[in-house]
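Beneath this line is the structure, given in C-alpha cells, with notes to follow.
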Amino acid sequence: MDPKLADLEKENQRLKKELDKEVAYSCDQRQFIHRMSHDIRTPLNAIMGYAKLIKEIPSDTSKVKDYADNILKSGSYMLDIIGEILDMSRIESGFAVCQKAEFNLEDCLDDIRTIIEPLINEKDQIFTISIDNIDHRNVICDENYLKQILINLLSNACKYTDKGGLIELTVKGSDNKIIFVVKDNGRGMSEEFQERIFTPFEREHQDNASDPGGTGLGLVLIKNLVTIMGGSLSFESKLGRGSVFTVIIPVEQEISDAHDNNIVSSSKKITERPDGIYCTDSKDSSKSFDSQPYRGILKGLNILVAEDNELNAEILSEILSHQGADVHIQPSGRKLIDDYLKSPAYNYDLILMDVQMPELDGYEATRLIRQSSHEDATKIPIIAMTANAFDKDIQKALDAGMNAHVTKPININDIEKAFYKLRSTR
C-alpha cells in the first residue's frame, strides 16, 4: 500500500475513535442530565407542594410541623444529590487529590456516629461500632475522604435495612492499614445486580420493597475515593440476608502525646461496654455515646455576620438568636469591616463571613481584618459561609485567613462544631 494512503487510513482510524468517544460522551451527558433533572425535580416538587399546603392551613400546627419536616427531608435529599454531582465532577476532572493529615481516629468515628445517628433513630435500628487492635489514637490519611466513604456506606446500610435492623461498623488495625467493615442484616443484593453495582446510576428495585431513593452514584463515588486513597473495597451480599462492605485504607501512625495511645483504654467520648462494643441504640440511651460537647456553645456569644442575601440573613439571624447568641448582620464585606474596626477590642466572639458579596468579597474582607491594627485582628475566629464546597474553595478561605469553612445551606450544627474545634485548639 502507498505510504501516504497508509498514513491517511491510520489518521482516519484515529479520527473515528475520537468521534466514537465524543458520541459516547455526548450520550452519557444526555443520560446524566435526564437522570439529574428527574432526581432533582422530585424533591423540589415536594418542597414546593408542602410549602403551598403550609400557606393554606397555617393554623393547623400539627400538620404544619409534619409538612415542615417533609420539606427538610426533601431539601436534605436534594443536597445529597447536588453533593454527589459535584463529587463526580471533581473526580472526573482530576481535581480530587488525597490530602493526608494527622487526626484523631476516635474523634473521627464520633463525628461519623453523630451524622448517622438521626437516620438510625428514625428507623429504630441498632448501630454498633467495635474497635480492635488499634495501637495509636492518631493516624495520618485523608480524614474527609475517609468520613465520606464510611458515611456513604453506613447511610446505604441504613436505607436498605428495615426498621429495627442491625448495622455494625468494625474497625481493625493491621500493620500500616486500617480495615473498616460495614455490615447490615438488611435486604441484600441479587447476584445479577452485584455484577453492575459500581455502574453509575444503577439501583436495584426489589419486589415488595419500598424505594429508598438515591441517584445510583454513591457506590461509584466510594470506589473512586477508596482508589484515590490507595485502598481497596470489597463486598459480600445475599438477597434477603444483608451485605458486608470491607474497606482497607493505608495509614501512617503518629504518637502525638505522651499519654497512653491505645484508643480503647484511653477513650473519653465513647462509652465501652463489657463486650468491647461501642453502641448507639435508639431504644437504650445508656449504651449511647456521650452527648455532643458542642451543643449550645453559641449561647451568649456576640456574633458579627456578613451576608448580602436578605432571606439568608433573616434565616441565619433567627437561627443564631434561637441559640442564644447576639447577632449583628452586615450586608457587605465593606460594612462588616467598618463595624468591626469601630468595635471595642474583643467585643465580638465570632465572625461568620459570606464569601461572594458585592463591593468587597469575603476573602478580601478577611485579609483586611487580619492586616488591621485592631487589638484582636489576628485572634478573632472567622468562619467562611459559602455554597462553594470544593477542596480548592476551602483552601482559598484558609489562605485568606479564615479559620474554618461551612457550606450553604447553613446547618447550625456545622457552625457549632466548627467553633467548638476552633476554641478547643486555641
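Letters A, B, ... go to the chains of the C-alpha cells in the order shown; residues in each chain start at 1; ligands are counted from 1 in the same order.
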
| request: Can you list, as number ranges by chain, all residues belonging to range 60-266 of chain A that DSSP tags as strand (DSSP E)? | output: A: 101-104, 126-132, 138-141, 166-174, 177-184, 232-238, 242-250, 252-254

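Near range 86-95 of chain A, within a cut-off of 10 Å and counting only C-alpha atoms, sit the residues A:Asp80, A:Ile81, A:Pro200, A:Leu217, A:Gly218, A:Val220, A:Leu221, A:Asn224, A:Leu225, A:Ile228, A:Asn388, A:Ala389, A:Phe390, A:Asp391, A:Lys392, with same-chain residues fewer than 5 positions away left out.
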
| said: One decimal, in Å: what's the spacing between CA of Thr128 in chain A and CA of Leu166 in chain A? | reply: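 Atom-to-atom, CA of Thr128 in chain A and CA of Leu166 in chain A are spaced 8.0 Å apart.
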
| task | Choose the residue, out of A:Ala397, A:Asp66, A:Arg367, A:Ile337, that has the smallest atom-to-atom separation from Val355 in chain A; count only C-alpha atoms. | result |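 For Val355 in chain A, the nearest of the given residues is A:Ala397.
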
| said: Using only C-alpha atoms, which protein or nucleic acid residues come within 8 Å of range 191-194 of chain A? Drop anything in the same chain fewer than 4 positions from it, and give the result as a PyMOL selection string. | reply: chain A and resi 204+238-239
